[in-house]
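*Asks:* What follows is input.csv; its format and atoms are CSV, C-alpha atoms.
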```csv
chain,number,residue,atom,x,y,z
D,1,MET,CA,81.3,20.4,79.8
D,2,ARG,CA,80.3,17.5,77.6
D,3,SER,CA,76.9,16.0,76.7
D,4,TRP,CA,76.1,12.3,76.6
D,5,PHE,CA,76.8,12.5,72.9
D,6,SER,CA,80.2,14.0,73.6
D,7,LYS,CA,81.1,11.4,76.2
D,8,ALA,CA,80.5,8.6,73.7
D,9,ARG,CA,83.0,10.4,71.5
D,10,ALA,CA,85.7,11.0,74.2
D,11,GLY,CA,89.3,10.3,73.1
D,12,ALA,CA,88.3,10.0,69.5
D,13,GLY,CA,89.6,13.4,68.3
D,14,ASP,CA,87.6,14.4,65.3
D,15,GLY,CA,85.4,11.4,65.7
D,16,TRP,CA,82.3,13.6,65.5
D,17,ILE,CA,83.0,14.1,61.8
D,18,ARG,CA,83.3,10.4,61.3
D,19,THR,CA,80.1,9.8,63.2
D,20,ALA,CA,78.1,12.3,61.1
D,21,SER,CA,79.7,11.0,58.0
D,22,GLY,CA,78.6,7.5,59.0
D,23,ILE,CA,75.0,8.7,59.5
D,24,MET,CA,75.0,10.4,56.1
D,25,PHE,CA,76.4,7.2,54.5
D,26,VAL,CA,73.5,5.2,55.9
D,27,ALA,CA,71.0,7.8,54.7
D,28,LEU,CA,72.4,7.9,51.3
D,29,ALA,CA,72.4,4.1,51.2
D,30,VAL,CA,68.7,4.1,51.8
D,31,VAL,CA,68.3,6.6,48.9
D,32,ALA,CA,70.3,4.4,46.6
D,33,VAL,CA,68.2,1.2,47.2
D,34,PRO,CA,66.5,0.5,43.9
D,35,ALA,CA,62.7,0.7,44.0
D,36,ARG,CA,60.3,-1.2,41.8
D,37,GLY,CA,57.2,0.7,40.8
D,38,ALA,CA,53.8,-0.2,39.3
D,39,PRO,CA,53.4,-0.8,35.6
D,40,LYS,CA,53.6,2.4,33.6
D,41,THR,CA,50.1,2.5,32.3
D,42,ASP,CA,48.7,5.7,33.7
D,43,VAL,CA,47.6,8.3,31.2
D,44,ILE,CA,48.0,12.1,31.5
D,45,VAL,CA,46.3,14.4,29.1
D,46,MET,CA,47.6,18.0,29.0
D,47,ILE,CA,45.4,21.0,28.4
D,48,ASN,CA,47.2,21.4,25.0
D,49,GLY,CA,46.2,17.9,24.0
D,50,ASP,CA,49.5,16.1,24.6
D,51,HIS,CA,49.2,12.5,26.0
D,52,LEU,CA,51.8,11.0,28.4
D,53,THR,CA,51.9,7.4,29.6
D,54,GLY,CA,53.8,6.4,32.7
D,55,GLU,CA,53.3,5.9,36.5
D,56,ILE,CA,51.9,8.4,38.9
D,57,LYS,CA,54.2,8.7,42.0
D,58,SER,CA,52.6,11.6,44.0
D,59,LEU,CA,50.9,14.9,43.8
D,60,GLU,CA,52.1,17.6,46.2
D,61,HIS,CA,52.8,21.4,46.1
D,62,ASN,CA,50.8,21.6,42.8
D,63,ARG,CA,53.3,19.3,41.0
D,64,LEU,CA,52.5,15.7,39.8
D,65,LYS,CA,55.5,13.4,40.0
D,66,PHE,CA,55.3,11.1,37.0
D,67,SER,CA,57.7,8.3,36.0
D,68,THR,CA,58.1,7.5,32.3
D,69,ASP,CA,60.1,4.9,30.4
D,70,HIS,CA,61.9,7.3,28.0
D,71,MET,CA,62.1,10.6,29.9
D,72,GLY,CA,62.7,9.3,33.4
D,73,THR,CA,60.8,11.0,36.3
D,74,ILE,CA,59.3,14.3,35.4
D,75,TYR,CA,57.3,16.9,37.3
D,76,ILE,CA,54.1,18.3,35.7
D,77,GLU,CA,52.2,21.4,37.1
D,78,TRP,CA,48.8,20.2,38.2
D,79,ASP,CA,46.9,23.1,36.8
D,80,LYS,CA,48.4,22.3,33.3
D,81,ILE,CA,46.7,18.9,33.2
D,82,ALA,CA,43.2,18.4,31.7
D,83,ARG,CA,42.5,14.7,32.5
D,84,VAL,CA,44.1,11.8,34.4
D,85,GLN,CA,43.5,8.0,34.1
D,86,THR,CA,45.0,5.3,36.3
D,87,SER,CA,44.3,1.8,37.5
D,88,GLN,CA,46.3,2.4,40.6
D,89,HIS,CA,44.4,3.1,43.9
D,90,LEU,CA,45.2,6.7,44.9
D,91,LEU,CA,44.6,8.4,48.2
D,92,MET,CA,43.5,11.9,47.3
D,93,GLU,CA,42.9,14.9,49.6
D,94,ARG,CA,40.9,18.0,48.8
D,95,SER,CA,41.7,21.5,50.2
D,96,ASP,CA,38.8,21.1,52.7
D,97,GLY,CA,40.2,17.9,54.1
D,98,VAL,CA,37.8,15.5,52.3
D,99,ARG,CA,39.7,12.3,51.2
D,100,TYR,CA,39.0,9.9,48.4
D,101,TYR,CA,40.5,6.5,47.8
D,102,GLY,CA,40.1,4.8,44.4
D,103,GLN,CA,41.0,4.6,40.8
D,104,LEU,CA,40.7,7.4,38.2
D,105,VAL,CA,38.6,6.2,35.2
D,106,GLU,CA,38.4,7.8,31.8
D,107,GLY,CA,35.4,9.7,30.4
D,108,GLY,CA,35.5,12.9,32.6
D,109,ASP,CA,35.4,16.4,31.3
D,110,ASP,CA,38.6,18.6,31.3
D,111,GLY,CA,39.5,19.7,34.8
D,112,ARG,CA,37.5,16.9,36.5
D,113,LEU,CA,38.4,13.6,38.0
D,114,ARG,CA,36.2,10.5,37.9
D,115,VAL,CA,37.0,8.6,41.1
D,116,PHE,CA,35.9,5.0,41.2
D,117,THR,CA,36.0,3.7,44.8
D,118,GLY,CA,35.0,0.1,44.0
D,119,GLY,CA,32.0,-2.1,44.5
D,120,SER,CA,29.7,-3.5,41.8
D,121,SER,CA,26.9,-0.9,42.7
D,122,SER,CA,29.1,2.2,43.0
D,123,THR,CA,29.4,4.8,40.3
D,124,PRO,CA,32.4,7.1,39.7
D,125,GLU,CA,32.3,10.3,41.7
D,126,ASP,CA,33.1,13.6,39.9
D,127,VAL,CA,35.8,15.7,41.6
D,128,ALA,CA,37.2,19.1,40.6
D,129,MET,CA,40.9,18.8,39.9
D,130,ALA,CA,41.6,22.3,41.3
D,131,SER,CA,40.3,21.2,44.7
D,132,VAL,CA,42.8,18.3,45.0
D,133,VAL,CA,46.0,19.3,46.8
D,134,ARG,CA,47.6,15.9,47.6
D,135,ALA,CA,47.6,12.4,46.1
D,136,GLN,CA,49.7,9.2,46.3
D,137,PRO,CA,49.4,5.5,45.5
D,138,ILE,CA,48.7,3.4,48.5
D,139,VAL,CA,48.3,-0.2,47.2
D,140,GLY,CA,51.3,-1.8,45.4
D,141,GLY,CA,55.0,-1.6,45.6
D,142,ASP,CA,57.4,-2.6,48.4
D,143,PHE,CA,57.8,-0.7,51.7
D,144,ILE,CA,60.7,1.3,50.3
D,145,ASP,CA,58.5,2.5,47.4
D,146,ARG,CA,56.2,4.2,49.8
D,147,LEU,CA,58.9,6.2,51.6
D,148,ASP,CA,59.6,9.9,51.1
D,149,GLY,CA,62.7,11.5,52.6
D,150,TYR,CA,65.5,13.9,52.5
D,151,VAL,CA,69.1,14.3,53.6
D,152,SER,CA,71.1,17.5,53.9
D,153,ALA,CA,74.6,18.5,55.2
D,154,GLY,CA,76.6,21.7,55.6
D,155,LEU,CA,80.1,22.5,56.7
D,156,ASP,CA,81.1,26.1,57.4
D,157,PHE,CA,84.7,27.2,58.2
D,158,THR,CA,86.0,30.7,59.2
D,159,LYS,CA,89.8,31.0,59.0
D,160,ALA,CA,90.2,34.1,61.2
D,161,SER,CA,88.8,32.3,64.3
D,162,ASN,CA,89.4,28.7,63.1
D,163,ARG,CA,85.7,28.2,63.7
D,164,ARG,CA,84.0,25.3,62.0
D,165,SER,CA,80.5,24.1,62.1
D,166,LEU,CA,79.0,20.9,60.9
D,167,ASP,CA,75.2,20.4,60.3
D,168,PHE,CA,73.5,17.3,59.3
D,169,ALA,CA,69.7,16.6,58.9
D,170,GLY,CA,67.6,13.8,57.5
D,171,GLY,CA,64.1,12.4,57.6
D,172,LEU,CA,61.7,9.8,56.4
D,173,SER,CA,57.9,9.8,56.0
D,174,ALA,CA,55.2,7.6,54.7
D,175,ARG,CA,51.4,7.5,54.5
D,176,THR,CA,48.6,5.0,54.3
D,177,ARG,CA,44.8,5.5,53.8
D,178,VAL,CA,44.2,6.5,57.4
D,179,ARG,CA,47.5,7.4,59.0
D,180,ALA,CA,50.9,8.9,58.4
D,181,TRP,CA,54.3,8.9,60.2
D,182,THR,CA,57.4,11.0,60.1
D,183,LEU,CA,60.9,10.6,61.5
D,184,ASP,CA,63.4,13.5,61.5
D,185,GLY,CA,66.9,13.9,63.0
D,186,SER,CA,69.5,16.6,63.1
D,187,PHE,CA,73.0,17.0,64.5
D,188,ASN,CA,75.0,20.3,64.8
D,189,ARG,CA,78.5,20.8,66.2
D,190,THR,CA,80.5,24.1,66.4
D,191,ASP,CA,84.0,24.6,67.7
D,192,ASP,CA,86.7,27.3,67.4
D,193,SER,CA,90.5,27.9,68.2
D,194,ALA,CA,89.7,28.8,71.8
D,195,GLY,CA,88.5,25.3,72.5
D,196,GLU,CA,84.9,26.3,72.9
D,197,ALA,CA,82.6,23.7,71.5
D,198,SER,CA,78.8,23.2,71.4
D,199,GLU,CA,76.6,20.3,70.3
D,200,ARG,CA,73.0,19.9,69.6
D,201,PHE,CA,71.4,16.6,68.7
D,202,GLN,CA,67.7,15.9,68.0
D,203,LEU,CA,65.7,12.9,66.9
D,204,GLY,CA,61.9,13.0,66.8
D,205,GLY,CA,59.0,11.1,65.4
D,206,ALA,CA,55.3,11.8,64.9
D,207,TRP,CA,52.3,9.7,64.1
D,208,ARG,CA,48.9,10.9,62.8
D,209,GLN,CA,45.6,9.0,62.7
D,210,PHE,CA,43.3,10.9,60.4
D,211,ARG,CA,39.6,11.4,61.2
D,212,ARG,CA,37.0,13.1,59.1
D,213,GLN,CA,38.1,16.0,57.0
D,214,SER,CA,40.9,18.0,58.5
D,215,ASP,CA,41.2,16.6,62.0
D,216,PHE,CA,43.6,13.9,63.3
D,217,TYR,CA,44.9,12.2,66.4
D,218,LEU,CA,48.5,12.9,67.1
D,219,GLY,CA,51.3,10.9,68.9
D,220,PHE,CA,54.9,12.1,69.2
D,221,GLY,CA,58.2,11.4,70.9
D,222,SER,CA,61.8,12.8,70.8
D,223,VAL,CA,65.2,12.5,72.3
D,224,GLU,CA,67.6,15.5,72.4
D,225,SER,CA,70.7,17.0,73.9
D,226,ASN,CA,72.1,20.5,73.9
D,227,THR,CA,75.3,21.6,75.6
D,228,GLU,CA,74.3,25.3,75.4
D,229,LEU,CA,71.4,24.5,77.7
D,230,ASP,CA,73.5,22.2,79.9
D,231,LEU,CA,71.1,19.4,78.8
D,232,ASP,CA,72.7,16.0,78.6
D,233,LEU,CA,69.6,14.2,77.5
D,234,ARG,CA,65.8,14.8,77.3
D,235,THR,CA,63.3,12.2,76.4
D,236,LEU,CA,59.7,13.2,75.7
D,237,VAL,CA,56.6,11.3,74.7
D,238,GLY,CA,53.1,12.6,74.3
D,239,ALA,CA,49.7,12.6,72.5
D,240,GLY,CA,47.2,15.2,71.3
D,241,TYR,CA,44.8,16.4,68.7
D,242,GLY,CA,45.5,18.4,65.5
D,243,ARG,CA,43.9,20.1,62.6
D,244,TYR,CA,44.8,21.4,59.2
D,245,PHE,CA,43.6,25.0,59.1
D,246,LEU,CA,44.7,25.6,55.6
D,247,GLN,CA,45.6,23.2,52.7
D,248,THR,CA,46.0,24.6,49.2
D,249,ASN,CA,48.4,24.0,46.3
D,250,LEU,CA,50.4,27.1,47.5
D,251,ALA,CA,50.4,26.9,51.3
D,252,GLU,CA,49.7,24.7,54.3
D,253,TRP,CA,49.0,25.5,58.0
D,254,VAL,CA,48.5,23.0,60.8
D,255,GLY,CA,48.2,23.2,64.5
D,256,GLY,CA,47.7,20.9,67.5
D,257,VAL,CA,47.3,20.6,71.3
D,258,GLY,CA,48.3,17.8,73.7
D,259,LEU,CA,50.0,16.6,76.8
D,260,ALA,CA,53.6,15.2,77.2
D,261,TYR,CA,55.8,13.5,79.8
D,262,SER,CA,59.5,14.4,79.8
D,263,HIS,CA,62.5,13.1,81.6
D,264,GLU,CA,65.6,15.4,81.7
D,265,ASN,CA,69.3,14.8,82.6
D,266,TYR,CA,71.4,17.9,83.1
D,267,SER,CA,75.1,18.3,83.5
D,268,GLY,CA,76.1,17.7,87.1
D,269,GLY,CA,73.8,14.6,87.4
D,270,GLU,CA,70.5,16.3,88.1
D,271,THR,CA,67.4,14.5,86.8
D,272,PHE,CA,63.8,15.9,86.5
D,273,ASP,CA,60.5,14.5,85.5
D,274,SER,CA,57.6,16.6,84.5
D,275,VAL,CA,54.2,16.7,82.7
D,276,GLU,CA,53.8,19.5,80.1
D,277,GLY,CA,51.1,21.0,78.0
D,278,VAL,CA,51.9,21.2,74.3
D,279,LEU,CA,50.8,23.9,71.9
D,280,MET,CA,52.3,23.5,68.4
D,281,THR,CA,51.8,25.0,64.9
D,282,SER,CA,53.7,24.9,61.6
D,283,PHE,CA,53.3,26.4,58.2
D,284,SER,CA,54.7,26.0,54.7
D,285,ILE,CA,54.5,28.3,51.7
D,286,PHE,CA,55.8,27.0,48.4
D,287,ARG,CA,56.3,28.1,44.8
D,288,TYR,CA,56.4,25.3,42.3
D,289,ASP,CA,57.7,27.3,39.3
D,290,PHE,CA,61.4,27.0,38.7
D,291,PRO,CA,63.3,27.6,40.9
D,292,GLU,CA,61.1,25.8,43.3
D,293,THR,CA,61.1,27.5,46.7
D,294,ASP,CA,59.7,26.3,50.0
D,295,ILE,CA,59.5,28.6,53.1
D,296,GLY,CA,58.4,26.9,56.3
D,297,GLY,CA,58.5,27.2,60.1
D,298,SER,CA,57.3,25.7,63.3
D,299,LEU,CA,56.7,26.9,66.9
D,300,THR,CA,56.2,24.6,69.9
D,301,LEU,CA,55.3,25.9,73.4
D,302,LEU,CA,55.5,23.6,76.4
D,303,PRO,CA,54.3,25.1,79.7
D,304,SER,CA,55.1,22.8,82.6
D,305,LEU,CA,52.1,21.5,84.7
D,306,THR,CA,54.3,20.2,87.5
D,307,ASP,CA,56.7,23.2,87.7
D,308,ILE,CA,54.3,26.1,87.4
D,309,GLY,CA,55.8,29.1,85.8
D,310,ARG,CA,58.3,27.2,83.7
D,311,VAL,CA,57.8,27.5,79.9
D,312,ARG,CA,59.9,25.9,77.2
D,313,ALA,CA,59.8,27.0,73.5
D,314,GLU,CA,61.3,25.7,70.3
D,315,ALA,CA,61.1,27.4,66.9
D,316,GLU,CA,62.5,26.8,63.4
D,317,LEU,CA,62.3,28.8,60.2
D,318,GLY,CA,63.8,27.6,57.0
D,319,LEU,CA,64.1,28.4,53.3
D,320,LYS,CA,64.6,25.6,50.8
D,321,TYR,CA,65.7,26.5,47.3
D,322,GLU,CA,65.8,23.8,44.6
D,323,PHE,CA,68.4,24.6,42.0
D,324,VAL,CA,68.4,21.1,40.2
D,325,ASP,CA,65.6,18.5,40.4
D,326,ASP,CA,65.6,17.1,43.9
D,327,LEU,CA,68.8,19.0,44.9
D,328,PHE,CA,68.3,22.0,47.1
D,329,PHE,CA,70.1,24.7,49.1
D,330,GLU,CA,68.7,25.3,52.6
D,331,LEU,CA,69.0,28.2,55.1
D,332,LYS,CA,67.7,27.3,58.5
D,333,LEU,CA,67.2,29.3,61.7
D,334,TYR,CA,66.8,27.5,65.0
D,335,GLY,CA,66.0,28.8,68.5
D,336,ALA,CA,65.3,27.3,71.9
D,337,PHE,CA,64.3,28.9,75.2
D,338,ASP,CA,63.7,27.8,78.8
D,339,SER,CA,62.2,30.3,81.2
D,340,ARG,CA,63.6,28.4,84.2
D,341,GLN,CA,65.9,25.5,84.2
D,342,PRO,CA,65.0,22.9,86.9
D,343,GLY,CA,66.9,23.4,90.1
D,344,THR,CA,67.8,27.0,89.2
D,345,LYS,CA,66.1,30.3,88.6
D,346,THR,CA,68.1,31.1,85.5
D,347,ARG,CA,66.9,31.4,82.0
D,348,ALA,CA,68.6,29.6,79.1
D,349,SER,CA,68.5,30.0,75.4
D,350,ASP,CA,70.2,28.8,72.3
D,351,TYR,CA,70.0,29.8,68.6
D,352,SER,CA,71.8,28.9,65.4
D,353,VAL,CA,71.9,29.8,61.7
D,354,THR,CA,72.9,27.0,59.3
D,355,THR,CA,73.3,26.6,55.6
D,356,SER,CA,73.4,23.2,53.8
D,357,LEU,CA,73.0,21.3,50.6
D,358,GLY,CA,70.5,18.5,50.4
D,359,TYR,CA,68.7,15.9,48.4
D,360,SER,CA,65.0,14.8,48.5
D,361,PHE,CA,63.7,11.4,47.4
```
Let me see the file written as structure tokens.
*Replies:*
Amino acid sequence: MRSWFSKARAGAGDGWIRTASGIMFVALAVVAVPARGAPKTDVIVMINGDHLTGEIKSLEHNRLKFSTDHMGTIYIEWDKIARVQTSQHLLMERSDGVRYYGQLVEGGDDGRLRVFTGGSSSTPEDVAMASVVRAQPIVGGDFIDRLDGYVSAGLDFTKASNRRSLDFAGGLSARTRVRAWTLDGSFNRTDDSAGEASERFQLGGAWRQFRRQSDFYLGFGSVESNTELDLDLRTLVGAGYGRYFLQTNLAEWVGGVGLAYSHENYSGGETFDSVEGVLMTSFSIFRYDFPETDIGGSLTLLPSLTDIGRVRAEAELGLKYEFVDDLFFELKLYGAFDSRQPGTKTRASDYSVTTSLGYSF
């Protein structure tokens, strides 16, 4: 049986490899686009007294990304910095969800930031550096400068069974003062000498509108296919409400609830529409010392409100190991479960384990 993705590829032999390679080429082309940054006039003072001049790119996972003229882009551990000064407007977020938007002016004590939010009558606000877990410039630069992203690809081959598996993933994200969006996609195909083949394709996006402190409104949508579940195509769109339960320089935990509408096309021509509840949570634990390691996972439960008793679930668990700056090895576990496929009383499940090499930018 073949999914909609397979049918588009019928008669092309190994066209799936060319398709995935084309996707990767586009993603790498995006990475290769030259970006112009702000003038390198930001000043970093280390706790040992050293001064560095350059451009602040971002702060995440306890590492400040800092661009310099003579050393290129470097990463500085946040807790090794005494003072920061910049004329850029930064969006900064504390561990309790409180956000600041402004420039960092000189004159503060070691371990403190003086945040100037603007206005002739306003005075700089004193903020403890240890409480700041995320920061990035918002004003200035082209659209491409504000993007973060990653691409990864893996190809596994077993000679005894002539089994081969291709895995590709990529994503983009960006953030403004009050909102953020992400776009992630993945493709996996496995086949062997017996002619058995399976495919899984997913493309999903999410949008967050931040409220006070750690809460946010959430919008999301996705398209996917999975031959192991006899699913030709599922489209889903929904909205909800979320919250950061934990934000530190070592870990992050977020959760949300919502409602979604889905339209499903199964092998054989069956189509189904349903309204589902959505319960979701994700976590990330990171170590910023070399080698940088990131362990993260997510779980989404979707109980149907129109087909009572049916529950779908999707889960991911991954380990990302950076062996060279921005280059990483990734081990990912994926699982999907459907307690009752529409039109039948059977359960269906799928799982996979993939390894890949990737690049983040």
*Asks:* Of the candidates D:Ile74, D:Leu172, D:Ala194, D:Val237, which one gets nearest to Leu259 of chain D if we count all atoms listed in the file?
*Replies:*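 Between D:Ile74, D:Leu172, D:Ala194, D:Val237, the residue approaching Leu259 of chain D most closely is D:Val237.
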*Asks:* Here is a test: counting all atoms listed in the file, which residue of D:Ser152, D:Ser339, D:Gln213, D:Ser173 is nearest to Ile308 of chain D?
*Replies:*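 Closest to Ile308 of chain D, using all atoms listed in the file: D:Ser339.
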*Asks:* I'd like to know which of D:Leu113, D:Val45, D:Ala348, D:Ala206 is closest to Phe220 of chain D, using all atoms listed in the file.
*Replies:*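 The answer is D:Ala206, which sits nearest to Phe220 of chain D.
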*Asks:* Taking all atoms listed in the file into account, which of D:Val151, D:Val257, D:Val84, D:Ile76 comes nearest Ser186 of chain D?
*Replies:*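 Closest to Ser186 of chain D of all the choices is D:Val151.
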*Asks:* In the coordinate frame of the file, compute which residues have an atom within 8 Å of (50.1, 23.7, 47.1) when using only C-alpha atoms, and state them as number ranges by chain.
*Replies:* D: 60-62, 133, 247-252, 285-287
*Asks:* Just how far from atom CA of Asn188 of chain D is atom CA of Leu319 of chain D, in Å to one decimal?
*Replies:*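 Taking atom CA of Leu319 of chain D as the start and atom CA of Asn188 of chain D as the end point, the length is 17.8 Å.
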*Asks:* To one decimal in Å, tell me the separation between atom CA of Glu77 of chain D and atom CA of Lys65 of chain D.
*Replies:* 9.1 Å
*Asks:* Which residues, written as a ChimeraX atom specification, have at least one atom at most 8 Å from Arg164 of chain D, with all atoms listed in the file counted and residues fewer than 2 positions away on the same chain left out?
*Replies:* /D:155-158,162,166,190-192
*Asks:* Let's have the selection written as an mmCIF file, in the frame of the given file, with C-alpha atoms.
*Replies:*
```
data_model
loop_
_atom_site.group_PDB
_atom_site.id
_atom_site.type_symbol
_atom_site.label_atom_id
_atom_site.label_comp_id
_atom_site.auth_asym_id
_atom_site.auth_seq_id
_atom_site.Cartn_x
_atom_site.Cartn_y
_atom_site.Cartn_z
ATOM 1 C CA LEU D 155 80.100 22.500 56.700
ATOM 2 C CA ASP D 156 81.100 26.100 57.400
ATOM 3 C CA PHE D 157 84.700 27.200 58.200
ATOM 4 C CA THR D 158 86.000 30.700 59.200
ATOM 5 C CA ASN D 162 89.400 28.700 63.100
ATOM 6 C CA LEU D 166 79.000 20.900 60.900
ATOM 7 C CA THR D 190 80.500 24.100 66.400
ATOM 8 C CA ASP D 191 84.000 24.600 67.700
ATOM 9 C CA ASP D 192 86.700 27.300 67.400
#
```
*Asks:* Would you mind listing what lies within 12 Å of Gly107 of chain D as number ranges by chain, with only C-alpha atoms counted and same-chain residues fewer than 5 positions away left out?
*Replies:* D: 45, 82-85, 112-116, 124-126
*Asks:* List the neighbours of Gly318 of chain D out to 7 Å using all atoms listed in the file; skip same-chain residues closer than 5 positions along the sequence, and give me the result as number ranges by chain.
*Replies:* D: 295-297, 330-333
*Asks:* Got a sec: who's within 9 Å of Val278 of chain D, counting all atoms listed in the file, leaving out chain neighbours fewer than 4 positions off, as a ChimeraX atom specification?
*Replies:* /D:238,240,256-260,300-303
*Asks:* For the atom pair atom CA of Leu327 of chain D and atom CA of Tyr359 of chain D, what is the interatomic distance in Å to one decimal place?
*Replies:* 4.7 Å
*Asks:* Go ahead and find all residues with at least one atom no further than 10 Å from (70.5, 21.2, 46.0) in the file's coordinates, using all atoms listed in the file; report them as an NGL selection string.
*Replies:* :D and (152 or 320-330 or 356-360)
*Asks:* For each of D:Ile47, D:Leu231, D:Val178, D:Ala135, take the minimum atom-to-atom distance to Phe210 of chain D, counting all atoms listed in the file, then give the residue where this is smallest.
*Replies:*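 Ranked by minimum distance to Phe210 of chain D, first place goes to D:Val178.
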*Asks:* Which one of D:Tyr266, D:Phe168, D:Tyr75, D:Tyr101 sits closest to Ile138 of chain D if you count all atoms listed in the file?
*Replies:*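 Of all the options, D:Tyr101 lies closest to Ile138 of chain D.
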*Asks:* Could you please fill out segment 292-298 of chain D with all heavy atoms and send it back as a PDB file, in the frame of the given file?
*Replies:*
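Listed below is the output, result-v5.pdb:
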```pdb
ATOM      1  N   GLU D 292      62.050  26.117  42.297  1.00  0.00           N
ATOM      2  CA  GLU D 292      61.100  25.800  43.300  1.00  0.00           C
ATOM      3  C   GLU D 292      61.618  26.260  44.695  1.00  0.00           C
ATOM      4  O   GLU D 292      62.768  26.036  45.057  1.00  0.00           O
ATOM      5  CB  GLU D 292      60.900  24.261  43.385  1.00  0.00           C
ATOM      6  CG  GLU D 292      59.903  23.827  44.440  1.00  0.00           C
ATOM      7  CD  GLU D 292      59.809  22.329  44.535  1.00  0.00           C
ATOM      8  OE1 GLU D 292      60.414  21.646  43.693  1.00  0.00           O
ATOM      9  OE2 GLU D 292      59.137  21.850  45.465  1.00  0.00           O
ATOM     10  N   THR D 293      60.770  26.948  45.430  1.00  0.00           N
ATOM     11  CA  THR D 293      61.100  27.500  46.700  1.00  0.00           C
ATOM     12  C   THR D 293      60.108  27.150  47.765  1.00  0.00           C
ATOM     13  O   THR D 293      58.912  27.205  47.516  1.00  0.00           O
ATOM     14  CB  THR D 293      61.251  29.059  46.622  1.00  0.00           C
ATOM     15  OG1 THR D 293      62.159  29.407  45.578  1.00  0.00           O
ATOM     16  CG2 THR D 293      61.754  29.649  47.930  1.00  0.00           C
ATOM     17  N   ASP D 294      60.580  26.763  48.927  1.00  0.00           N
ATOM     18  CA  ASP D 294      59.700  26.300  50.000  1.00  0.00           C
ATOM     19  C   ASP D 294      60.154  27.099  51.288  1.00  0.00           C
ATOM     20  O   ASP D 294      61.307  27.003  51.703  1.00  0.00           O
ATOM     21  CB  ASP D 294      59.826  24.835  50.241  1.00  0.00           C
ATOM     22  CG  ASP D 294      58.803  24.302  51.237  1.00  0.00           C
ATOM     23  OD1 ASP D 294      58.282  25.098  52.022  1.00  0.00           O
ATOM     24  OD2 ASP D 294      58.541  23.098  51.233  1.00  0.00           O
ATOM     25  N   ILE D 295      59.236  27.856  51.878  1.00  0.00           N
ATOM     26  CA  ILE D 295      59.500  28.600  53.100  1.00  0.00           C
ATOM     27  C   ILE D 295      58.592  27.958  54.195  1.00  0.00           C
ATOM     28  O   ILE D 295      57.380  27.880  54.011  1.00  0.00           O
ATOM     29  CB  ILE D 295      59.226  30.070  53.001  1.00  0.00           C
ATOM     30  CG1 ILE D 295      60.118  30.688  51.919  1.00  0.00           C
ATOM     31  CG2 ILE D 295      59.460  30.780  54.337  1.00  0.00           C
ATOM     32  CD1 ILE D 295      59.816  32.139  51.640  1.00  0.00           C
ATOM     33  N   GLY D 296      59.185  27.511  55.278  1.00  0.00           N
ATOM     34  CA  GLY D 296      58.400  26.900  56.300  1.00  0.00           C
ATOM     35  C   GLY D 296      58.923  27.175  57.698  1.00  0.00           C
ATOM     36  O   GLY D 296      60.078  27.584  57.870  1.00  0.00           O
ATOM     37  N   GLY D 297      58.078  26.984  58.686  1.00  0.00           N
ATOM     38  CA  GLY D 297      58.500  27.200  60.100  1.00  0.00           C
ATOM     39  C   GLY D 297      57.592  26.483  61.036  1.00  0.00           C
ATOM     40  O   GLY D 297      56.517  25.994  60.684  1.00  0.00           O
ATOM     41  N   SER D 298      58.045  26.384  62.264  1.00  0.00           N
ATOM     42  CA  SER D 298      57.300  25.700  63.300  1.00  0.00           C
ATOM     43  C   SER D 298      57.546  26.389  64.646  1.00  0.00           C
ATOM     44  O   SER D 298      58.624  26.963  64.867  1.00  0.00           O
ATOM     45  CB  SER D 298      57.619  24.230  63.388  1.00  0.00           C
ATOM     46  OG  SER D 298      58.965  24.051  63.780  1.00  0.00           O
TER      47      SER D 298
END
```
